[in-house]
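Printed here is model-v6.cif (mmCIF, C-alpha atoms and all ligand atoms):
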```cif
data_work
#
loop_
_atom_site.label_atom_id
_atom_site.label_comp_id
_atom_site.auth_asym_id
_atom_site.auth_seq_id
_atom_site.Cartn_x
_atom_site.Cartn_y
_atom_site.Cartn_z
CA MET A 27 24.88 70.28 28.49
CA GLU A 28 26.85 72.16 25.86
CA ILE A 29 28.45 70.56 22.85
CA SER A 30 30.38 72.73 20.43
CA GLY A 31 32.07 71.79 17.18
CA LEU A 32 32.21 68.13 18.16
CA THR A 33 33.87 65.93 15.55
CA LYS A 34 34.80 62.26 15.70
CA LYS A 35 36.72 60.31 13.10
CA TYR A 36 37.26 56.67 13.99
CA GLY A 37 40.82 55.35 13.56
CA SER A 38 42.46 56.67 10.41
CA SER A 39 39.12 57.23 8.65
CA ASP A 40 38.69 60.44 6.66
CA VAL A 41 34.97 60.33 7.23
CA ALA A 42 33.65 62.05 10.32
CA SER A 43 31.04 59.91 12.11
CA VAL A 44 30.19 63.02 14.09
CA ASP A 45 30.81 66.16 12.07
CA ASN A 46 31.03 69.55 13.76
CA VAL A 47 28.01 68.98 16.01
CA SER A 48 26.93 71.79 18.31
CA LEU A 49 24.02 71.40 20.70
CA SER A 50 22.83 73.16 23.80
CA VAL A 51 20.55 71.35 26.20
CA PRO A 52 19.03 73.61 28.86
CA PRO A 53 18.79 72.40 32.46
CA GLY A 54 15.67 70.34 33.16
CA ALA A 55 14.88 69.69 29.49
CA VAL A 56 14.15 66.34 27.93
CA PHE A 57 16.12 66.50 24.70
CA GLY A 58 15.50 64.01 21.91
CA PHE A 59 18.52 63.13 19.81
CA LEU A 60 17.22 61.45 16.68
CA GLY A 61 18.60 60.09 13.47
CA PRO A 62 18.65 57.02 11.25
CA ASN A 63 20.91 54.04 11.97
CA GLY A 64 24.57 54.97 11.84
CA ALA A 65 23.91 58.73 12.04
CA GLY A 66 26.28 59.26 14.97
CA LYS A 67 24.01 59.28 18.03
CA THR A 68 25.76 56.59 20.04
CA THR A 69 29.16 58.02 19.14
CA THR A 70 28.07 61.42 20.50
CA ILE A 71 26.68 59.89 23.70
CA LYS A 72 29.87 57.88 24.23
CA ILE A 73 31.91 61.09 23.94
CA LEU A 74 29.60 62.80 26.44
CA ALA A 75 30.02 59.84 28.79
CA GLY A 76 33.82 60.00 28.51
CA LEU A 77 34.04 56.56 26.86
CA LEU A 78 35.40 57.88 23.56
CA ALA A 79 37.77 60.75 22.88
CA ALA A 80 36.54 63.33 20.38
CA THR A 81 38.78 64.21 17.45
CA SER A 82 37.96 67.87 18.11
CA GLY A 83 35.36 70.02 19.79
CA ARG A 84 34.26 70.73 23.31
CA THR A 85 31.73 69.13 25.63
CA LEU A 86 30.50 70.57 28.92
CA LEU A 87 28.38 68.64 31.38
CA ASN A 88 26.78 70.90 33.96
CA GLY A 89 29.59 73.34 33.24
CA TYR A 90 32.45 70.80 33.51
CA ASP A 91 34.63 70.07 30.50
CA VAL A 92 34.59 66.32 29.76
CA THR A 93 38.26 66.36 28.68
CA ARG A 94 39.83 68.95 30.96
CA GLN A 95 37.77 68.39 34.11
CA ARG A 96 37.11 64.74 33.54
CA SER A 97 36.62 63.57 37.08
CA ALA A 98 34.15 66.35 37.96
CA ALA A 99 32.35 65.95 34.61
CA MET A 100 31.92 62.21 35.21
CA GLN A 101 30.05 62.98 38.46
CA GLN A 102 27.44 64.99 36.57
CA PHE A 103 25.63 62.23 34.75
CA GLY A 104 24.25 58.73 34.84
CA ALA A 105 23.97 56.77 31.59
CA VAL A 106 22.16 53.83 30.11
CA LEU A 107 23.98 52.88 26.93
CA GLU A 108 22.57 51.11 23.92
CA GLY A 109 22.80 47.35 23.68
CA SER A 110 25.46 46.95 26.33
CA ARG A 111 24.96 45.25 29.63
CA ASN A 112 24.78 48.26 31.83
CA VAL A 113 24.49 46.17 35.02
CA TYR A 114 25.96 42.88 36.28
CA TRP A 115 23.68 39.97 35.56
CA THR A 116 25.04 37.66 38.22
CA LEU A 117 24.34 40.22 40.92
CA SER A 118 20.89 41.01 42.26
CA ALA A 119 19.22 44.36 41.57
CA TRP A 120 19.96 45.38 45.14
CA GLN A 121 23.66 44.39 44.91
CA ASN A 122 23.99 46.18 41.57
CA LEU A 123 22.66 49.43 42.96
CA LEU A 124 24.87 49.31 46.05
CA TYR A 125 27.86 48.48 43.86
CA PHE A 126 27.26 51.42 41.51
CA GLY A 127 26.59 53.63 44.52
CA ARG A 128 30.01 52.71 45.91
CA LEU A 129 31.66 53.33 42.55
CA LYS A 130 30.15 56.81 42.58
CA GLY A 131 31.62 57.41 46.04
CA MET A 132 28.34 57.25 47.99
CA ARG A 133 28.20 56.35 51.68
CA GLY A 134 26.62 52.95 52.36
CA ALA A 135 23.60 54.32 54.22
CA ASP A 136 22.89 56.89 51.47
CA ALA A 137 23.22 54.26 48.74
CA ARG A 138 20.85 51.89 50.57
CA ALA A 139 18.23 54.58 51.07
CA ARG A 140 18.46 55.67 47.44
CA ALA A 141 18.42 52.07 46.15
CA GLU A 142 15.24 51.39 48.12
CA GLU A 143 13.60 54.52 46.74
CA LEU A 144 14.58 53.65 43.15
CA LEU A 145 13.61 49.98 43.28
CA THR A 146 10.28 50.79 44.90
CA GLY A 147 9.57 53.50 42.31
CA LEU A 148 10.25 51.08 39.47
CA GLY A 149 8.18 48.26 40.98
CA LEU A 150 11.21 46.02 41.58
CA TRP A 151 11.40 46.09 45.35
CA GLU A 152 9.78 42.67 45.90
CA ARG A 153 12.30 41.01 43.57
CA ARG A 154 15.37 42.99 44.57
CA ASP A 155 17.33 39.92 45.76
CA GLU A 156 17.01 37.90 42.53
CA SER A 157 19.90 37.98 40.07
CA VAL A 158 19.36 40.41 37.21
CA GLY A 159 20.17 37.73 34.59
CA GLY A 160 16.88 36.02 35.41
CA TYR A 161 14.79 39.17 34.98
CA SER A 162 12.74 40.00 31.90
CA ARG A 163 14.25 42.46 29.39
CA GLY A 164 12.04 45.24 30.76
CA MET A 165 13.08 44.61 34.34
CA GLN A 166 16.76 44.55 33.35
CA GLN A 167 16.31 47.89 31.63
CA LYS A 168 14.67 49.31 34.73
CA VAL A 169 17.63 48.17 36.85
CA ALA A 170 19.97 49.83 34.35
CA VAL A 171 17.99 53.08 34.63
CA ALA A 172 18.04 52.81 38.45
CA ALA A 173 21.82 52.19 38.46
CA ALA A 174 22.33 55.29 36.30
CA LEU A 175 20.38 57.33 38.85
CA ILE A 176 21.84 55.94 42.06
CA ALA A 177 23.98 58.99 42.85
CA ASP A 178 21.20 61.40 41.83
CA PRO A 179 23.18 63.05 38.98
CA PRO A 180 21.80 66.24 37.39
CA ILE A 181 22.14 64.80 33.85
CA VAL A 182 20.82 61.51 32.52
CA LEU A 183 21.98 60.06 29.17
CA LEU A 184 19.66 57.40 27.82
CA ASP A 185 20.55 55.63 24.57
CA GLU A 186 17.36 53.90 23.39
CA PRO A 187 15.91 53.50 26.89
CA THR A 188 12.73 51.73 25.74
CA ILE A 189 14.16 49.44 23.07
CA GLY A 190 12.82 45.91 23.36
CA LEU A 191 10.37 46.80 26.11
CA ASP A 192 6.71 45.78 26.06
CA VAL A 193 3.95 48.38 26.24
CA GLU A 194 3.70 48.34 30.02
CA ALA A 195 7.45 48.52 30.66
CA THR A 196 7.77 51.29 28.05
CA ARG A 197 5.05 53.22 29.85
CA THR A 198 6.80 52.82 33.23
CA VAL A 199 10.14 54.00 31.85
CA MET A 200 8.49 56.91 29.99
CA ASP A 201 6.56 58.05 33.07
CA TRP A 202 9.79 57.89 34.95
CA ILE A 203 11.68 60.00 32.46
CA ARG A 204 8.94 62.61 32.68
CA THR A 205 9.08 62.60 36.48
CA LEU A 206 12.85 62.96 36.39
CA SER A 207 12.58 66.12 34.36
CA ARG A 208 9.38 67.75 35.67
CA ASP A 209 9.60 66.89 39.37
CA ARG A 210 13.31 66.47 39.93
CA GLY A 211 14.74 68.99 37.47
CA LYS A 212 17.01 66.49 35.71
CA THR A 213 18.35 67.19 32.25
CA VAL A 214 17.69 64.19 30.03
CA LEU A 215 19.27 63.46 26.66
CA LEU A 216 17.69 60.47 24.99
CA THR A 217 18.00 58.72 21.68
CA THR A 218 15.19 56.60 20.31
CA HIS A 219 13.67 55.41 17.07
CA GLN A 220 10.21 55.46 18.67
CA MET A 221 8.56 58.70 17.60
CA ASN A 222 5.70 58.36 20.08
CA VAL A 223 8.30 58.44 22.87
CA VAL A 224 9.76 61.66 21.46
CA GLU A 225 6.40 63.29 20.82
CA GLU A 226 5.25 62.58 24.34
CA LEU A 227 8.42 63.35 26.27
CA CYS A 228 10.79 65.65 24.45
CA ASP A 229 10.75 69.43 24.83
CA ARG A 230 13.29 69.79 22.11
CA VAL A 231 14.57 67.62 19.30
CA ALA A 232 17.78 67.52 17.31
CA VAL A 233 17.99 65.37 14.19
CA ILE A 234 21.39 64.11 13.10
CA ARG A 235 22.11 62.62 9.72
CA GLU A 236 25.47 61.40 8.44
CA GLY A 237 27.09 62.98 11.47
CA ARG A 238 25.60 66.45 11.00
CA VAL A 239 22.75 68.18 12.81
CA ILE A 240 20.01 68.91 10.27
CA ALA A 241 17.37 70.22 12.70
CA ASP A 242 17.44 71.46 16.29
CA LEU A 243 14.30 73.09 17.66
CA PRO A 244 11.42 72.72 20.11
CA THR A 245 9.33 69.64 19.31
CA GLU A 246 6.17 71.69 18.83
CA GLN A 247 7.91 74.05 16.44
CA LEU A 248 9.24 71.15 14.41
CA LEU A 249 5.75 69.73 14.13
CA SER A 250 4.10 73.04 13.33
CA GLN A 251 6.63 73.83 10.60
CA PHE A 252 5.45 70.77 8.79
CA ARG A 253 1.81 71.46 9.58
CA GLU A 254 1.97 74.58 7.44
CA ARG A 255 1.69 72.29 4.47
CA ASP A 256 -1.29 70.09 5.23
CA LYS A 257 -1.32 66.49 4.24
CA TYR A 258 -4.42 65.12 2.54
CA GLU A 259 -5.61 61.65 1.71
CA VAL A 260 -8.09 60.93 -1.07
CA ARG A 261 -9.53 57.42 -1.16
CA ILE A 262 -11.03 56.17 -4.41
CA GLU A 263 -12.68 52.90 -5.35
CA GLY A 264 -10.55 50.47 -7.37
CA GLU A 265 -7.44 51.40 -9.27
CA LEU A 266 -5.88 54.77 -9.96
CA PRO A 267 -7.07 56.18 -13.33
CA GLU A 268 -4.69 57.77 -15.77
CA LEU A 269 -3.97 61.29 -14.51
CA THR A 270 -1.21 63.71 -13.61
CA MET A 271 -0.76 63.81 -9.86
CA PRO A 272 0.36 66.90 -7.96
CA SER A 273 4.11 66.78 -7.27
CA GLY A 274 5.11 64.77 -4.22
CA PHE A 275 1.84 62.81 -4.16
CA THR A 276 1.89 59.03 -3.88
CA ALA A 277 -0.75 56.37 -4.47
CA SER A 278 -1.07 53.01 -2.72
CA SER A 279 -3.56 50.17 -3.14
CA VAL A 280 -5.48 48.88 -0.15
CA GLU A 281 -8.30 46.33 -0.18
CA GLY A 282 -9.90 47.20 -3.49
CA ALA A 283 -9.26 50.92 -3.12
CA THR A 284 -6.47 53.39 -3.83
CA ILE A 285 -5.26 56.00 -1.36
CA ILE A 286 -3.65 59.06 -2.87
CA SER A 287 -1.77 61.22 -0.39
CA GLY A 288 0.47 64.23 -0.30
CA ARG A 289 0.93 67.77 0.98
CA VAL A 290 -0.43 70.97 -0.47
CA ALA A 291 0.08 74.58 0.54
CA ASP A 292 -3.38 75.57 -0.74
CA PRO A 293 -6.46 73.32 -0.16
CA GLN A 294 -7.76 74.33 -3.61
CA GLU A 295 -5.12 72.04 -5.10
CA ILE A 296 -6.72 69.04 -3.43
CA TYR A 297 -10.21 69.99 -4.69
CA ALA A 298 -8.77 70.31 -8.18
CA LEU A 299 -7.35 66.80 -7.83
CA VAL A 300 -10.76 65.46 -6.76
CA ASP A 301 -12.35 67.16 -9.83
CA ARG A 302 -9.79 65.53 -12.11
CA LEU A 303 -10.44 62.14 -10.52
CA ARG A 304 -14.17 62.54 -11.09
CA GLU A 305 -13.61 63.53 -14.70
CA GLN A 306 -11.82 60.19 -15.06
CA ARG A 307 -14.95 58.53 -13.57
CA ALA A 308 -13.21 57.57 -10.34
CA VAL A 309 -15.52 57.02 -7.37
CA VAL A 310 -14.17 59.18 -4.55
CA GLN A 311 -14.93 57.44 -1.26
CA SER A 312 -13.38 59.96 1.12
CA LEU A 313 -11.20 63.01 1.42
CA ALA A 314 -9.40 63.58 4.71
CA GLN A 315 -6.89 66.01 6.10
CA VAL A 316 -4.14 64.26 8.05
CA GLN A 317 -2.13 65.99 10.76
CA PRO A 318 1.49 64.93 10.36
CA ASP A 319 2.99 63.28 13.40
CA LEU A 320 6.62 63.32 14.34
CA GLU A 321 7.23 60.19 12.32
CA ASP A 322 6.18 62.02 9.12
CA VAL A 323 8.35 64.97 10.05
CA PHE A 324 11.33 62.77 10.81
CA MET A 325 10.99 60.79 7.59
CA GLY A 326 10.65 64.03 5.63
CA LEU A 327 13.86 65.36 7.18
CA ILE A 328 16.02 62.31 6.78
CA LYS A 329 14.88 61.57 3.25
CA GLY A 330 15.80 65.02 2.02
CA PRO A 331 18.86 65.47 -0.19
CA ALA A 332 22.12 64.49 1.55
CA HIS A 333 24.90 66.98 2.13
CA ASP A 334 28.08 66.78 0.05
N1 LIG B 401 34.16 51.58 16.83
C1 LIG B 401 33.91 52.06 15.62
N2 LIG B 401 34.87 52.03 14.66
C2 LIG B 401 34.64 52.53 13.42
N3 LIG B 401 33.47 53.10 13.04
C3 LIG B 401 32.49 53.15 13.95
C4 LIG B 401 32.65 52.64 15.28
N4 LIG B 401 31.49 52.85 15.96
C5 LIG B 401 30.65 53.47 15.09
N5 LIG B 401 31.25 53.64 13.90
C6 LIG B 401 30.65 54.30 12.71
O1 LIG B 401 30.23 55.60 13.08
C7 LIG B 401 28.99 55.93 12.46
C8 LIG B 401 28.00 56.36 13.51
O2 LIG B 401 27.65 55.23 14.31
P1 LIG B 401 26.76 55.36 15.63
O3 LIG B 401 26.77 54.03 16.31
O4 LIG B 401 27.23 56.54 16.43
O5 LIG B 401 25.34 55.67 15.00
P2 LIG B 401 23.90 55.71 15.69
O6 LIG B 401 23.28 56.97 15.23
O7 LIG B 401 24.02 55.51 17.17
O8 LIG B 401 23.18 54.46 15.00
P3 LIG B 401 22.06 53.45 15.57
O9 LIG B 401 20.75 54.17 15.51
O10 LIG B 401 22.14 52.33 14.59
O11 LIG B 401 22.46 53.05 16.95
C9 LIG B 401 28.58 54.70 11.65
O12 LIG B 401 28.97 54.90 10.32
C10 LIG B 401 29.38 53.58 12.27
O13 LIG B 401 29.66 52.57 11.34
#
```
Represent the structure of the file as structure tokens.
Amino acid sequence: MEISGLTKKYGSSDVASVDNVSLSVPPGAVFGFLGPNGAGKTTTIKILAGLLAATSGRTLLNGYDVTRQRSAAMQQFGAVLEGSRNVYWTLSAWQNLLYFGRLKGMRGADARARAEELLTGLGLWERRDESVGGYSRGMQQKVAVAAALIADPPIVLLDEPTIGLDVEATRTVMDWIRTLSRDRGKTVLLTTHQMNVVEELCDRVAVIREGRVIADLPTEQLLSQFRERDKYEVRIEGELPELTMPSGFTASSVEGATIISGRVADPQEIYALVDRLREQRAVVQSLAQVQPDLEDVFMGLIKGPAHD
């Protein structure tokens, strides 16, 4: 998947909801597309899926240009879009899959075989003849994922695939996404606000903010960049005494104690802080080093100064 210089301005707006975005997603990767609400993720996915026209820029799906080779490009992906009803609720899971199979130009026998494989894999086979409207939210989402995969496309676009799912359904969908990439070589682009999903599944992450890409690198690299500056937590009894805190440090009260936390480049700074606390007669209960998780990294990135 290659996106270059993609820009989208809605209607006559001067503001670009997607602003000169370029991304390259290698085959077989699970790519996390992250950003706060309104950052431009769904807009980008809708352009990729051919549902919205870009104002400018170029998008290739498996080598096919979404604008110039539309019909071929549309064969390259399956999508589960955010918040919309991706499948027909009055139809059963089985009918939905055969219907989407037909839409994708599949032969009946091929669609039936594939539908059976998908519904079995997602644990829906026993209930395949019930209408989707009566399913739980998790089961509906699984049917949507299955419908997106009916024609076995090389690319899968998933906009918040685990939103509203319980722990077990989230696990099933996550295991599935991993299988799609590792065992079946699919390229997956997913958006989510759930950092554990990203940390567990994504090989690479791009962060978008106010329409612009502010980070695009392997997940591990993103995490390790932030791990260069270790985060520490000092817990003291009672309230915070009068003292100057190192820059960027915050203090919060919890159950009769205060937790002071922040990042330092040199551990000596944290020992100096502990000394100052002791001088102020604070009782230091604990000092711990905290490994930042992706949530910390993400918050750090999106809270940074905005572009002009
Ligand atoms: N149909 C539309 N008409 C006008 N503006 C729109 C339209 N759809 C989205 N926008 C605007 O485009 C910007 C990006 O929205 P988008 O839905 O792509 O963000 P998002 O990153 O997917 O957010 P979320 O995480 O909340 O789903 C927002 O400012 C939004 O208000």
Using all atoms listed in the file, find each residue in stretch 133-211 of chain A having at least one atom no more than 12 Å away from stretch 46-52 of chain A; report its shortest atom-to-atom pair and that distance in Å (one decimal), rows by chain then rising number, as JSON lines.
```
{"residue": "A:Pro180", "atom": "CA", "partner": "A:Pro52", "partner_atom": "CA", "distance": 11.6}
{"residue": "A:Ile181", "atom": "CA", "partner": "A:Val51", "partner_atom": "CA", "distance": 10.2}
{"residue": "A:Val182", "atom": "CA", "partner": "A:Val51", "partner_atom": "CA", "distance": 11.7}
{"residue": "A:Leu183", "atom": "CA", "partner": "A:Val51", "partner_atom": "CA", "distance": 11.8}
{"residue": "A:Ser207", "atom": "CA", "partner": "A:Pro52", "partner_atom": "CA", "distance": 11.3}
{"residue": "A:Gly211", "atom": "CA", "partner": "A:Pro52", "partner_atom": "CA", "distance": 10.7}
```
>> Could you list the protein, DNA and RNA residues that have any atom within 6 Å of ligand LIG 401 (chain B), counting only C-alpha atoms and all ligand atoms, and write them as a ChimeraX atom specification?
In response: /A:36,43,61-69
If you keep C-alpha atoms, can you produce a file of those selected residues as a PDB file, keeping the file's coordinate frame?
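Wrote result32.pdb, looks like this:
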```pdb
ATOM      1  CA  TYR A  36      37.260  56.670  13.990  1.00  0.00           C
ATOM      2  CA  SER A  43      31.040  59.910  12.110  1.00  0.00           C
ATOM      3  CA  GLY A  61      18.600  60.090  13.470  1.00  0.00           C
ATOM      4  CA  PRO A  62      18.650  57.020  11.250  1.00  0.00           C
ATOM      5  CA  ASN A  63      20.910  54.040  11.970  1.00  0.00           C
ATOM      6  CA  GLY A  64      24.570  54.970  11.840  1.00  0.00           C
ATOM      7  CA  ALA A  65      23.910  58.730  12.040  1.00  0.00           C
ATOM      8  CA  GLY A  66      26.280  59.260  14.970  1.00  0.00           C
ATOM      9  CA  LYS A  67      24.010  59.280  18.030  1.00  0.00           C
ATOM     10  CA  THR A  68      25.760  56.590  20.040  1.00  0.00           C
ATOM     11  CA  THR A  69      29.160  58.020  19.140  1.00  0.00           C
TER      12      THR A  69
END
```
Closest atom pairs, residues of stretch 156-202 of chain A within 12 Å of stretch 81-105 of chain A, only C-alpha atoms, as a Markdown table:
```
| residue | atom | partner | partner_atom | distance |
| --- | --- | --- | --- | --- |
| A:Gln167 | CA | A:Ala105 | CA | 11.7 |
| A:Val169 | CA | A:Ala105 | CA | 11.9 |
| A:Ala170 | CA | A:Ala105 | CA | 8.5 |
| A:Val171 | CA | A:Ala105 | CA | 7.7 |
| A:Ala172 | CA | A:Gly104 | CA | 9.3 |
| A:Ala173 | CA | A:Gly104 | CA | 7.9 |
| A:Ala174 | CA | A:Gly104 | CA | 4.2 |
| A:Leu175 | CA | A:Gly104 | CA | 5.7 |
| A:Ile176 | CA | A:Gly104 | CA | 8.1 |
| A:Ala177 | CA | A:Gly104 | CA | 8.0 |
| A:Asp178 | CA | A:Gly104 | CA | 8.1 |
| A:Pro179 | CA | A:Phe103 | CA | 5.0 |
| A:Pro180 | CA | A:Gln102 | CA | 5.8 |
| A:Ile181 | CA | A:Phe103 | CA | 4.4 |
| A:Val182 | CA | A:Gly104 | CA | 5.0 |
| A:Leu183 | CA | A:Ala105 | CA | 4.5 |
| A:Leu184 | CA | A:Ala105 | CA | 5.8 |
| A:Asp185 | CA | A:Ala105 | CA | 7.9 |
| A:Glu186 | CA | A:Ala105 | CA | 10.9 |
| A:Pro187 | CA | A:Ala105 | CA | 9.9 |
```
I need the chosen residues saved as an mmCIF file, in the coordinates of the input, with C-alpha atoms.
```
data_model
loop_
_atom_site.group_PDB
_atom_site.id
_atom_site.type_symbol
_atom_site.label_atom_id
_atom_site.label_comp_id
_atom_site.auth_asym_id
_atom_site.auth_seq_id
_atom_site.Cartn_x
_atom_site.Cartn_y
_atom_site.Cartn_z
ATOM 1 C CA GLN A 167 16.310 47.890 31.630
ATOM 2 C CA VAL A 169 17.630 48.170 36.850
ATOM 3 C CA ALA A 170 19.970 49.830 34.350
ATOM 4 C CA VAL A 171 17.990 53.080 34.630
ATOM 5 C CA ALA A 172 18.040 52.810 38.450
ATOM 6 C CA ALA A 173 21.820 52.190 38.460
ATOM 7 C CA ALA A 174 22.330 55.290 36.300
ATOM 8 C CA LEU A 175 20.380 57.330 38.850
ATOM 9 C CA ILE A 176 21.840 55.940 42.060
ATOM 10 C CA ALA A 177 23.980 58.990 42.850
ATOM 11 C CA ASP A 178 21.200 61.400 41.830
ATOM 12 C CA PRO A 179 23.180 63.050 38.980
ATOM 13 C CA PRO A 180 21.800 66.240 37.390
ATOM 14 C CA ILE A 181 22.140 64.800 33.850
ATOM 15 C CA VAL A 182 20.820 61.510 32.520
ATOM 16 C CA LEU A 183 21.980 60.060 29.170
ATOM 17 C CA LEU A 184 19.660 57.400 27.820
ATOM 18 C CA ASP A 185 20.550 55.630 24.570
ATOM 19 C CA GLU A 186 17.360 53.900 23.390
ATOM 20 C CA PRO A 187 15.910 53.500 26.890
#
```
>> From the options A:Ser162, A:Thr217, A:Ser118, A:Ser278, which residue's atoms come nearest to A:Phe59, counting all atoms listed in the file?
In response: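 The closest residue to A:Phe59 is A:Thr217.
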> From the list A:Trp120, A:Ser39, A:Gly274, A:Arg289, which residue is nearest A:Arg140 when using all atoms listed in the file?
Replying inline: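 For A:Arg140, the nearest of the candidates is A:Trp120.
Proximity to A:Gly190 was assessed for A:Lys257, A:Arg208, A:His219, A:Arg163 counting all atoms listed in the file; the smallest distance is recorded for A:Arg163.
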> Between A:Val290, A:Phe57, A:Phe275, A:Leu74, which is the closest to A:Arg230 once you count all atoms listed in the file?
Replying inline: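 Looking only at the distances to A:Arg230, the closest residue turns out to be A:Phe57.
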> Got a sec to check which residues sit within 12 Å of (-10.6, 65.2, 5.6), counting all atoms listed in the file, and write them as a PyMOL selection string?
Replying inline: chain A and resi 256-261+287+293+296-297+311-317
> Using only C-alpha atoms, which residue out of A:Ile234, A:Pro53, A:Glu226, A:Arg111 lies closest to A:Glu28?
Replying inline: A:Pro53
Determine the axis-aligned bounding box of all atoms of stretch 267-276 of chain A present in the file, pad each side by 5 Å, and express its centre and edge lengths in Å to one decimal place as AutoDock Vina command-line options.
```
--center_x -1.0 --center_y 61.5 --center_z -9.8 --size_x 22.2 --size_y 20.7 --size_z 21.9
```
>> Let me make sure I understand: among A:Leu145, A:Leu60, A:Met165, A:Ala119, which one has the smallest atom-to-atom distance to A:Thr196 if we use only C-alpha atoms?
In response: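 Smallest distance to A:Thr196 is found for A:Met165.
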>> Residues near A:Glu263, anyone? I mean within 7 Å using only C-alpha atoms, not counting same-chain ones fewer than 5 positions away, as a VMD selection string.
In response: chain A and resid 282 to 284 308 to 311
Mind dumping the selected residues with C-alpha atoms as a PDB file, in the coordinates of the input?
```pdb
ATOM      1  CA  GLY A 282      -9.900  47.200  -3.490  1.00  0.00           C
ATOM      2  CA  ALA A 283      -9.260  50.920  -3.120  1.00  0.00           C
ATOM      3  CA  THR A 284      -6.470  53.390  -3.830  1.00  0.00           C
ATOM      4  CA  ALA A 308     -13.210  57.570 -10.340  1.00  0.00           C
ATOM      5  CA  VAL A 309     -15.520  57.020  -7.370  1.00  0.00           C
ATOM      6  CA  VAL A 310     -14.170  59.180  -4.550  1.00  0.00           C
ATOM      7  CA  GLN A 311     -14.930  57.440  -1.260  1.00  0.00           C
TER       8      GLN A 311
END
```
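All residues that come within 10 Å of the coordinates (16.8, 66.5, 8.4), counting all atoms listed in the file, are given as Leu60, Gly61, Ala232, Val233, Ile234, Arg235, Arg238, Val239, Ile240, Ala241, Asp242, Val323, Phe324, Met325, Gly326, Leu327, Ile328, Lys329, Gly330, Pro331 and Ala332 of chain A.
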> To one decimal place, how far is atom CA of A:Asn222 from atom CA of A:Gly159 in Å?
Replying inline: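 We find that atom CA of A:Asn222 and atom CA of A:Gly159 lie 29.1 Å from each other.
You will find atom CA of A:Ile286 at 12.8 Å from atom CA of A:Arg302.
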> Mind pulling up the distance from atom CA of A:Asn122 to atom CA of A:Thr146?
Replying inline: 14.8 Å
>> Give me, as an NGL selection string, all polymer residues having an atom no more than 6 Å from A:Gly58, counting all atoms listed in the file and skipping those fewer than 6 positions away in the same chain.
In response: :A and (216-217 or 228 or 231)
Kindly add N, CA and C atoms to the incomplete stretch 258-270 of chain A and provide the output as a short mmCIF file (atom, residue, chain, number, x, y, z; two decimals), in the frame of the given file.
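Produced file result04.cif, reproduced below:
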```cif
data_model
loop_
_atom_site.label_atom_id
_atom_site.label_comp_id
_atom_site.auth_asym_id
_atom_site.auth_seq_id
_atom_site.Cartn_x
_atom_site.Cartn_y
_atom_site.Cartn_z
N TYR A 258 -3.07 65.59 2.83
CA TYR A 258 -4.42 65.12 2.54
C TYR A 258 -4.37 63.69 2.02
N GLU A 259 -5.47 63.01 2.25
CA GLU A 259 -5.61 61.65 1.71
C GLU A 259 -6.93 61.55 0.97
N VAL A 260 -6.87 61.14 -0.29
CA VAL A 260 -8.09 60.93 -1.07
C VAL A 260 -8.20 59.43 -1.32
N ARG A 261 -9.36 58.86 -0.97
CA ARG A 261 -9.53 57.42 -1.16
C ARG A 261 -10.53 57.21 -2.30
N ILE A 262 -10.12 56.45 -3.29
CA ILE A 262 -11.03 56.17 -4.41
C ILE A 262 -11.24 54.67 -4.54
N GLU A 263 -12.38 54.31 -5.15
CA GLU A 263 -12.68 52.90 -5.35
C GLU A 263 -11.79 52.36 -6.47
N GLY A 264 -11.29 51.14 -6.30
CA GLY A 264 -10.55 50.47 -7.37
C GLY A 264 -9.19 51.09 -7.64
N GLU A 265 -8.79 50.99 -8.92
CA GLU A 265 -7.44 51.40 -9.27
C GLU A 265 -7.34 52.87 -9.65
N LEU A 266 -6.11 53.36 -9.62
CA LEU A 266 -5.88 54.77 -9.96
C LEU A 266 -6.06 54.98 -11.47
N PRO A 267 -6.95 55.93 -11.88
CA PRO A 267 -7.07 56.18 -13.33
C PRO A 267 -5.85 56.95 -13.84
N GLU A 268 -5.78 57.03 -15.14
CA GLU A 268 -4.69 57.77 -15.77
C GLU A 268 -4.85 59.26 -15.45
N LEU A 269 -3.91 59.84 -14.71
CA LEU A 269 -3.97 61.29 -14.51
C LEU A 269 -2.65 61.82 -13.96
N THR A 270 -2.44 63.10 -14.12
CA THR A 270 -1.21 63.71 -13.61
C THR A 270 -1.44 64.07 -12.14
#
```
